[in-house]
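These notes are about the structure you will find just below.
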Amino acid sequence: MALPTTTPSSWLRSMDFPSQLFETGGDDFELYEEEDEFVLDVELPGFDVEEIDVTWDDGTLNVAAQHEDAERNQRRTYHRRFRFPKRVDDEGIAANYQNGILEVRLPVSEGATTRGKAIEVEA
């Protein structure tokens, strides 16, 4: 059996599985690790910088945004939490919002290693 070559969310959608069941969500963010920091890019088009709230609490980054359009009587909200496998230097976290993209840089603490425990896989 060949493995799918597309992202899990797209091949699950093609098989009509509900994304909520597998917690795949949308493709509205990109998270990757560079040499000494995590970089998170979140697509938030249509929000003003004042409407975006980014907080850090005990290893969890919280990104929330709310936009109210009085003319159309509509309100848009965004909320997502991100956990990180390594300790982050919370004093060095920086966020920038430009052209509808929120970029958050989270420096990894000196000497940080991946948290967790290795699980042996048995045959």
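Following the order of the structure tokens, chains are lettered A, B, ..., residues in each are numbered from 1, and ligands are numbered from 1.
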**Study point:** Residue neighbourhood A:Asp58, 10 Å, only C-alpha atoms, exclusion window fewer than 6 positions, as a list in words
**Key:**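 Here the answer would be Arg83, Arg87, Val88 and Asp90 of chain A.
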Those residues you just picked out, can you put them in a file as a JSON list (two decimals), in the first residue's frame with C-alpha atoms?
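Once everything was written out, this is selection_22.json:
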```json
[["chain", "number", "residue", "atom", "x", "y", "z"],
["A", 83, "ARG", "CA", 2.50, 23.63, 22.74],
["A", 87, "ARG", "CA", 11.74, 24.87, 26.78],
["A", 88, "VAL", "CA", 11.35, 28.34, 25.30],
["A", 90, "ASP", "CA", 9.85, 33.42, 27.26]]
```
Would you mind writing down, as a compact mmCIF listing (two decimals) with C-alpha atoms, in the first residue's frame, each residue of stretch 37-90 of chain A that DSSP on the backbone assigns to helix (DSSP H, G or I)?
```
# COMPACT_ATOMS: atom_id res chain seq x y z
CA VAL A 49 -2.85 44.46 14.76
CA GLU A 50 -4.85 45.86 17.71
CA GLU A 51 -7.34 42.98 17.35
CA ASP A 90 9.85 33.42 27.26
```
Practice item. Could you tell me how far atom CA of A:Val108 lies from atom CA of A:Asn96, in Å and to one decimal? Key: 18.1 Å
Practice item. May I have all residues of stretch 19-123 of chain A that DSSP, computed from the backbone, assigns to strand (DSSP E), given as a ChimeraX atom specification? Key: /A:29-33,37-43,52-57,60-69,74-83,94-98,101-107
Since we have the selection now, will you write its residues out, keeping C-alpha atoms, as a JSON list (two decimals), in the first residue's frame?
```
[["chain", "number", "residue", "atom", "x", "y", "z"],
["A", 29, "PHE", "CA", -0.52, 28.17, 10.14],
["A", 30, "GLU", "CA", 3.00, 26.89, 9.59],
["A", 31, "LEU", "CA", 5.25, 25.88, 12.47],
["A", 32, "TYR", "CA", 8.88, 24.91, 12.06],
["A", 33, "GLU", "CA", 12.12, 24.85, 14.03],
["A", 37, "GLU", "CA", 14.17, 28.92, 17.69],
["A", 38, "PHE", "CA", 10.67, 27.91, 16.72],
["A", 39, "VAL", "CA", 8.97, 30.02, 14.06],
["A", 40, "LEU", "CA", 5.18, 30.17, 13.81],
["A", 41, "ASP", "CA", 3.43, 31.88, 10.88],
["A", 42, "VAL", "CA", -0.34, 32.30, 11.22],
["A", 43, "GLU", "CA", -2.58, 33.59, 8.43],
["A", 52, "ILE", "CA", -4.69, 40.27, 17.79],
["A", 53, "ASP", "CA", -3.71, 38.94, 21.22],
["A", 54, "VAL", "CA", -0.66, 36.71, 21.69],
["A", 55, "THR", "CA", 0.11, 35.31, 25.16],
["A", 56, "TRP", "CA", 2.56, 32.78, 26.61],
["A", 57, "ASP", "CA", 1.68, 30.68, 29.64],
["A", 60, "THR", "CA", 1.66, 27.19, 25.67],
["A", 61, "LEU", "CA", 1.37, 29.97, 23.11],
["A", 62, "ASN", "CA", -2.15, 31.33, 22.75],
["A", 63, "VAL", "CA", -3.12, 33.26, 19.59],
["A", 64, "ALA", "CA", -6.52, 34.95, 19.58],
["A", 65, "ALA", "CA", -8.09, 37.59, 17.35],
["A", 66, "GLN", "CA", -11.49, 39.21, 17.08],
["A", 67, "HIS", "CA", -12.79, 41.56, 14.39],
["A", 68, "GLU", "CA", -16.20, 43.22, 14.42],
["A", 69, "ASP", "CA", -17.74, 44.63, 11.27],
["A", 74, "GLN", "CA", -20.60, 40.34, 11.65],
["A", 75, "ARG", "CA", -17.91, 39.21, 14.03],
["A", 76, "ARG", "CA", -14.88, 37.04, 13.09],
["A", 77, "THR", "CA", -12.85, 35.25, 15.70],
["A", 78, "TYR", "CA", -9.71, 33.14, 15.68],
["A", 79, "HIS", "CA", -8.30, 31.12, 18.55],
["A", 80, "ARG", "CA", -5.60, 28.49, 18.60],
["A", 81, "ARG", "CA", -3.13, 27.14, 21.17],
["A", 82, "PHE", "CA", 0.33, 25.77, 20.44],
["A", 83, "ARG", "CA", 2.50, 23.63, 22.74],
["A", 94, "ALA", "CA", 8.78, 38.27, 19.56],
["A", 95, "ALA", "CA", 5.72, 38.74, 17.32],
["A", 96, "ASN", "CA", 5.28, 40.71, 14.11],
["A", 97, "TYR", "CA", 2.12, 41.21, 12.02],
["A", 98, "GLN", "CA", 2.46, 42.24, 8.40],
["A", 101, "ILE", "CA", 0.57, 37.13, 8.45],
["A", 102, "LEU", "CA", 1.43, 36.93, 12.16],
["A", 103, "GLU", "CA", 4.99, 35.70, 12.71],
["A", 104, "VAL", "CA", 5.98, 34.60, 16.21],
["A", 105, "ARG", "CA", 9.59, 33.69, 16.98],
["A", 106, "LEU", "CA", 10.22, 31.63, 20.09],
["A", 107, "PRO", "CA", 13.87, 31.15, 21.01]]
```
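Here the question is which of A:Pro85, A:Gly92, A:Pro45, A:Gly100 gets nearest to A:Gly59 using only C-alpha atoms, and that residue is A:Pro85.
The space separating atom CA of A:Leu44 from atom CA of A:Asn99 comes to 8.8 Å.
Put simply, atom CA of A:Phe47 is 15.6 Å away from atom CA of A:Glu71.
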